[in-house]
$ cat upload-v8.csv   # CSV, C-alpha atoms
chain,number,residue,atom,x,y,z
Z,1,VAL,CA,-8.5,-4.1,-11.5
Z,2,ALA,CA,-6.0,-4.1,-14.2
Z,3,SER,CA,-3.1,-6.5,-13.9
Z,4,GLY,CA,-0.2,-6.1,-16.3
Z,5,SER,CA,-2.7,-4.5,-18.7
Z,6,THR,CA,0.0,-2.6,-20.6
Z,7,GLY,CA,2.4,-5.6,-20.9
Z,8,GLY,CA,4.4,-4.4,-18.0
Z,9,VAL,CA,4.3,-5.2,-14.3
Z,10,THR,CA,1.5,-3.8,-12.0
Z,11,THR,CA,2.0,-3.5,-8.3
Z,12,TYR,CA,-0.5,-2.2,-5.7
Z,13,LEU,CA,1.0,-0.1,-2.9
Z,14,GLY,CA,-1.7,0.6,-0.3
Z,15,ARG,CA,-1.8,2.8,2.8
Z,16,HIS,CA,-3.0,0.9,5.8
Z,17,ALA,CA,-6.7,1.2,6.7
Z,18,LYS,CA,-8.0,3.3,9.5
Z,19,ALA,CA,-6.3,2.6,12.9
Z,20,GLY,CA,-7.0,4.3,16.2
Z,21,LYS,CA,-5.5,7.7,16.7
Z,22,ARG,CA,-1.8,7.7,17.5
Z,23,ALA,CA,-2.3,10.3,20.3
Z,24,ASN,CA,-4.9,8.0,22.0
Z,25,TRP,CA,-2.8,4.9,21.8
Z,26,GLN,CA,-0.9,3.8,24.9
Z,27,GLY,CA,2.2,1.6,24.2
Z,28,ASP,CA,4.2,0.6,21.2
Z,29,ASP,CA,2.9,2.3,18.1
Z,30,SER,CA,3.8,-0.7,15.9
Z,31,LEU,CA,1.1,-2.6,17.8
Z,32,ARG,CA,-1.7,-0.1,17.1
Z,33,PRO,CA,-4.6,-2.1,15.5
Z,34,LEU,CA,-7.2,-1.2,12.9
Z,35,THR,CA,-10.5,0.2,14.1
Z,36,ASP,CA,-13.9,-1.3,13.2
Z,37,ASP,CA,-14.0,1.1,10.2
Z,38,GLY,CA,-10.5,0.0,9.2
Z,39,ARG,CA,-11.5,-3.6,9.3
Z,40,GLU,CA,-14.4,-2.8,7.0
Z,41,GLN,CA,-12.0,-1.0,4.7
Z,42,SER,CA,-9.6,-3.9,4.6
Z,43,GLU,CA,-12.5,-6.2,3.6
Z,44,ALA,CA,-13.5,-3.8,0.8
Z,45,ILE,CA,-9.9,-3.7,-0.4
Z,46,ALA,CA,-9.7,-7.5,-0.4
Z,47,LYS,CA,-12.9,-7.8,-2.4
Z,48,TRP,CA,-11.6,-5.2,-4.9
Z,49,LEU,CA,-8.0,-6.6,-5.3
Z,50,ALA,CA,-8.7,-10.4,-5.2
Z,51,PRO,CA,-9.7,-10.5,-8.9
Z,52,ALA,CA,-6.2,-9.1,-9.8
Z,53,GLY,CA,-4.8,-12.4,-8.7
Z,54,PRO,CA,-2.2,-11.2,-6.2
Z,55,VAL,CA,0.9,-13.4,-6.2
Z,56,GLU,CA,2.6,-11.9,-3.1
Z,57,LEU,CA,1.5,-9.8,-0.1
Z,58,LEU,CA,4.2,-7.6,1.4
Z,59,SER,CA,3.6,-5.5,4.5
Z,60,SER,CA,5.3,-3.1,6.9
Z,61,PRO,CA,5.9,-5.1,10.1
Z,62,TYR,CA,3.4,-2.7,11.9
Z,63,LEU,CA,0.2,-4.5,13.0
Z,64,ARG,CA,-2.2,-2.1,11.3
Z,65,CYS,CA,-0.5,-2.8,7.9
Z,66,ARG,CA,-0.5,-6.6,8.4
Z,67,GLN,CA,-4.2,-6.4,9.4
Z,68,SER,CA,-5.0,-4.4,6.3
Z,69,LEU,CA,-3.8,-7.3,4.1
Z,70,GLU,CA,-5.2,-10.2,6.2
Z,71,PRO,CA,-8.6,-10.3,4.5
Z,72,LEU,CA,-6.9,-10.3,1.0
Z,73,ALA,CA,-4.5,-13.1,2.2
Z,74,ALA,CA,-7.5,-15.2,3.4
Z,75,ARG,CA,-9.3,-14.7,0.0
Z,76,CYS,CA,-6.2,-15.6,-2.0
Z,77,GLY,CA,-4.7,-18.3,0.1
Z,78,LEU,CA,-1.5,-16.3,0.6
Z,79,ALA,CA,0.7,-15.3,3.6
Z,80,VAL,CA,1.4,-11.7,4.5
Z,81,ARG,CA,5.2,-11.3,4.5
Z,82,ASP,CA,7.0,-8.5,6.4
Z,83,ALA,CA,9.1,-6.1,4.3
Z,84,PRO,CA,11.1,-3.8,6.6
Z,85,ALA,CA,11.5,-1.3,3.7
Z,86,LEU,CA,7.8,-0.5,4.1
Z,87,ALA,CA,8.0,0.4,7.8
Z,88,GLU,CA,7.2,3.9,8.9
Z,89,GLY,CA,10.1,6.3,8.5
Z,90,GLU,CA,11.9,4.2,5.9
Z,91,PRO,CA,13.5,6.0,2.9
Z,92,ALA,CA,11.6,6.1,-0.4
Z,93,ASP,CA,14.6,4.8,-2.4
Z,94,ALA,CA,14.4,1.5,-0.4
Z,95,VAL,CA,10.7,1.2,-1.4
Z,96,LEU,CA,11.5,2.0,-5.0
Z,97,GLU,CA,14.1,-0.8,-5.1
Z,98,LEU,CA,11.5,-3.1,-3.6
Z,99,LEU,CA,9.0,-2.1,-6.2
Z,100,ARG,CA,11.5,-2.8,-9.0
Z,101,SER,CA,11.9,-6.4,-7.7
Z,102,CYS,CA,8.2,-7.2,-7.3
Z,103,ALA,CA,6.4,-9.7,-9.6
Z,104,ASP,CA,3.3,-8.7,-11.4
Z,105,SER,CA,0.2,-8.4,-9.1
Z,106,THR,CA,2.2,-8.0,-5.9
Z,107,VAL,CA,0.3,-6.1,-3.2
Z,108,LEU,CA,2.2,-4.0,-0.6
Z,109,CYS,CA,1.0,-2.1,2.5
Z,110,SER,CA,2.8,0.8,4.1
Z,111,HIS,CA,2.3,4.1,5.8
Z,112,GLY,CA,1.5,7.6,4.6
Z,113,ASP,CA,4.9,9.1,5.0
Z,114,VAL,CA,6.6,6.3,3.1
Z,115,ILE,CA,4.0,6.3,0.3
Z,116,ASP,CA,4.0,10.1,-0.1
Z,117,ASP,CA,7.8,10.1,-0.3
Z,118,THR,CA,7.8,7.2,-2.7
Z,119,VAL,CA,5.2,8.9,-5.0
Z,120,GLU,CA,7.4,12.1,-4.9
Z,121,LEU,CA,10.5,10.1,-5.9
Z,122,LEU,CA,8.5,8.5,-8.7
Z,123,ALA,CA,7.3,11.9,-9.9
Z,124,ARG,CA,10.8,13.3,-9.9
Z,125,GLY,CA,11.8,10.2,-12.0
Z,126,GLY,CA,9.3,11.1,-14.7
Z,127,ALA,CA,6.4,8.8,-13.8
Z,128,GLU,CA,3.0,9.7,-15.2
Z,129,MET,CA,0.6,10.5,-12.4
Z,130,THR,CA,-3.2,10.2,-12.6
Z,131,ASP,CA,-5.3,12.0,-10.1
Z,132,ARG,CA,-2.4,12.6,-7.7
Z,133,PRO,CA,-3.6,13.9,-4.3
Z,134,ARG,CA,-1.5,16.1,-2.1
Z,135,SER,CA,-1.2,13.3,0.4
Z,136,VAL,CA,-2.3,9.6,0.2
Z,137,ARG,CA,-5.2,9.0,2.6
Z,138,LYS,CA,-5.7,5.8,4.6
Z,139,ALA,CA,-6.9,2.8,2.6
Z,140,THR,CA,-5.9,4.5,-0.7
Z,141,THR,CA,-4.1,2.2,-3.2
Z,142,VAL,CA,-1.4,3.5,-5.5
Z,143,VAL,CA,-1.5,1.4,-8.7
Z,144,ILE,CA,2.0,1.4,-10.2
Z,145,GLU,CA,2.6,0.1,-13.7
Z,146,ARG,CA,6.2,-0.4,-14.7
Z,147,ASN,CA,6.5,-0.4,-18.5
Z,148,SER,CA,9.6,-1.0,-20.3
Z,149,PRO,CA,11.0,1.2,-21.8
Z,150,GLY,CA,8.3,3.8,-21.1
Z,151,PRO,CA,7.7,5.8,-18.0
Z,152,TRP,CA,6.0,4.3,-14.9
Z,153,VAL,CA,2.3,5.1,-14.7
Z,154,VAL,CA,0.9,5.8,-11.2
Z,155,THR,CA,-2.8,5.9,-10.5
Z,156,PHE,CA,-4.5,6.6,-7.1
Z,157,VAL,CA,-7.6,4.7,-6.1
Z,158,ALA,CA,-9.6,5.6,-3.0
Z,159,CYS,CA,-10.9,2.7,-0.9
Z,160,PRO,CA,-13.8,1.0,-2.6
Z,161,ARG,CA,-17.0,0.6,-0.6

$ encode --input "upload-v8.csv" --output "structure tokens"
Amino acid sequence: VASGSTGGVTTYLGRHAKAGKRANWQGDDSLRPLTDDGREQSEAIAKWLAPAGPVELLSSPYLRCRQSLEPLAARCGLAVRDAPALAEGEPADAVLELLRSCADSTVLCSHGDVIDDTVELLARGGAEMTDRPRSVRKATTVVIERNSPGPWVVTFVACPR
């Protein structure tokens, strides 16, 4: 995992790990938890990202996002902080503003719609994209390097196993 490898700021924007199907969940969707597979994915992500030396963990307030970061929090001795801008349905410009304010090696967790919209906004802004998928799958991490004065560089990394 590269952290600030280009002299800029590297942030990690991940989509939450696998959760139960929305259609099968009874109750408040913000409380839908990870599945057993999702917990395994979150452990794999923690093992992969811990060497980057995360300095802050920011999450959508939804349970599945917080749970996706908990193994990393435990490994790094950090708390998971809620960031309402990462909640499902939030606008990409709010996420972009949050990304601009993040310190090097900040890890964020959000939802597919938010990440897809944010990636599109970055692309329209001239960011360089590496291996861009049509849609970001669960447990994918979008590595975003902010270089000054050059363009942002965005790389998509599937969940390690």

$ closest_residue --input "upload-v8.csv" --among "Z:Leu49, Z:Leu78, Z:Cys65, Z:Val107" --to "Z:Arg15" --atoms "all atoms listed in the file"
Z:Cys65

$ residues_near_point --input "upload-v8.csv" --point "(1.3, 10.2, -16.2)" --cutoff "9 Å" --atoms "only C-alpha atoms" --output "ChimeraX atom specification"
/Z:123,126-130,151-155

$ write_last_selection --input "upload-v8.csv" --atoms "C-alpha atoms" --output "PDB file, in the frame of the given file"
ATOM      1  CA  ALA Z 123       7.300  11.900  -9.900  1.00  0.00           C
ATOM      2  CA  GLY Z 126       9.300  11.100 -14.700  1.00  0.00           C
ATOM      3  CA  ALA Z 127       6.400   8.800 -13.800  1.00  0.00           C
ATOM      4  CA  GLU Z 128       3.000   9.700 -15.200  1.00  0.00           C
ATOM      5  CA  MET Z 129       0.600  10.500 -12.400  1.00  0.00           C
ATOM      6  CA  THR Z 130      -3.200  10.200 -12.600  1.00  0.00           C
ATOM      7  CA  PRO Z 151       7.700   5.800 -18.000  1.00  0.00           C
ATOM      8  CA  TRP Z 152       6.000   4.300 -14.900  1.00  0.00           C
ATOM      9  CA  VAL Z 153       2.300   5.100 -14.700  1.00  0.00           C
ATOM     10  CA  VAL Z 154       0.900   5.800 -11.200  1.00  0.00           C
ATOM     11  CA  THR Z 155      -2.800   5.900 -10.500  1.00  0.00           C
TER      12      THR Z 155
END

$ atom_distance --input "upload-v8.csv" --atom1 "atom CA of Z:Asp82" --atom2 "atom CA of Z:Gly27"
21.0 Å

$ residues_near_point --input "upload-v8.csv" --point "(1.7, -0.4, -12.9)" --cutoff "6 Å" --atoms "all atoms listed in the file" --output "CSV table (one decimal) with C-alpha atoms, in the coordinates of the input"
chain,number,residue,atom,x,y,z
Z,9,VAL,CA,4.3,-5.2,-14.3
Z,10,THR,CA,1.5,-3.8,-12.0
Z,11,THR,CA,2.0,-3.5,-8.3
Z,143,VAL,CA,-1.5,1.4,-8.7
Z,144,ILE,CA,2.0,1.4,-10.2
Z,145,GLU,CA,2.6,0.1,-13.7
Z,146,ARG,CA,6.2,-0.4,-14.7
Z,153,VAL,CA,2.3,5.1,-14.7

$ residues_around --input "upload-v8.csv" --residues "Z:Pro160" --least-positions-apart "3" --cutoff "10 Å" --atoms "all atoms listed in the file" --output "list in words"
Gln41, Ser42, Glu43, Ala44, Ile45, Ala46, Lys47, Trp48, Leu49, Ala139, Thr140, Thr141 and Val157 of chain Z

$ closest_residue --input "upload-v8.csv" --among "Z:Ala50, Z:Ala19, Z:Ala103, Z:Ala87" --to "Z:Gln67" --atoms "all atoms listed in the file"
Z:Ala19

$ closest_residue --input "upload-v8.csv" --among "Z:Asp36, Z:Pro71, Z:Leu122, Z:Ala79" --to "Z:Arg100" --atoms "only C-alpha atoms"
Z:Leu122

$ atom_distance --input "upload-v8.csv" --atom1 "atom CA of Z:Asp113" --atom2 "atom CA of Z:Asp93"
12.9 Å
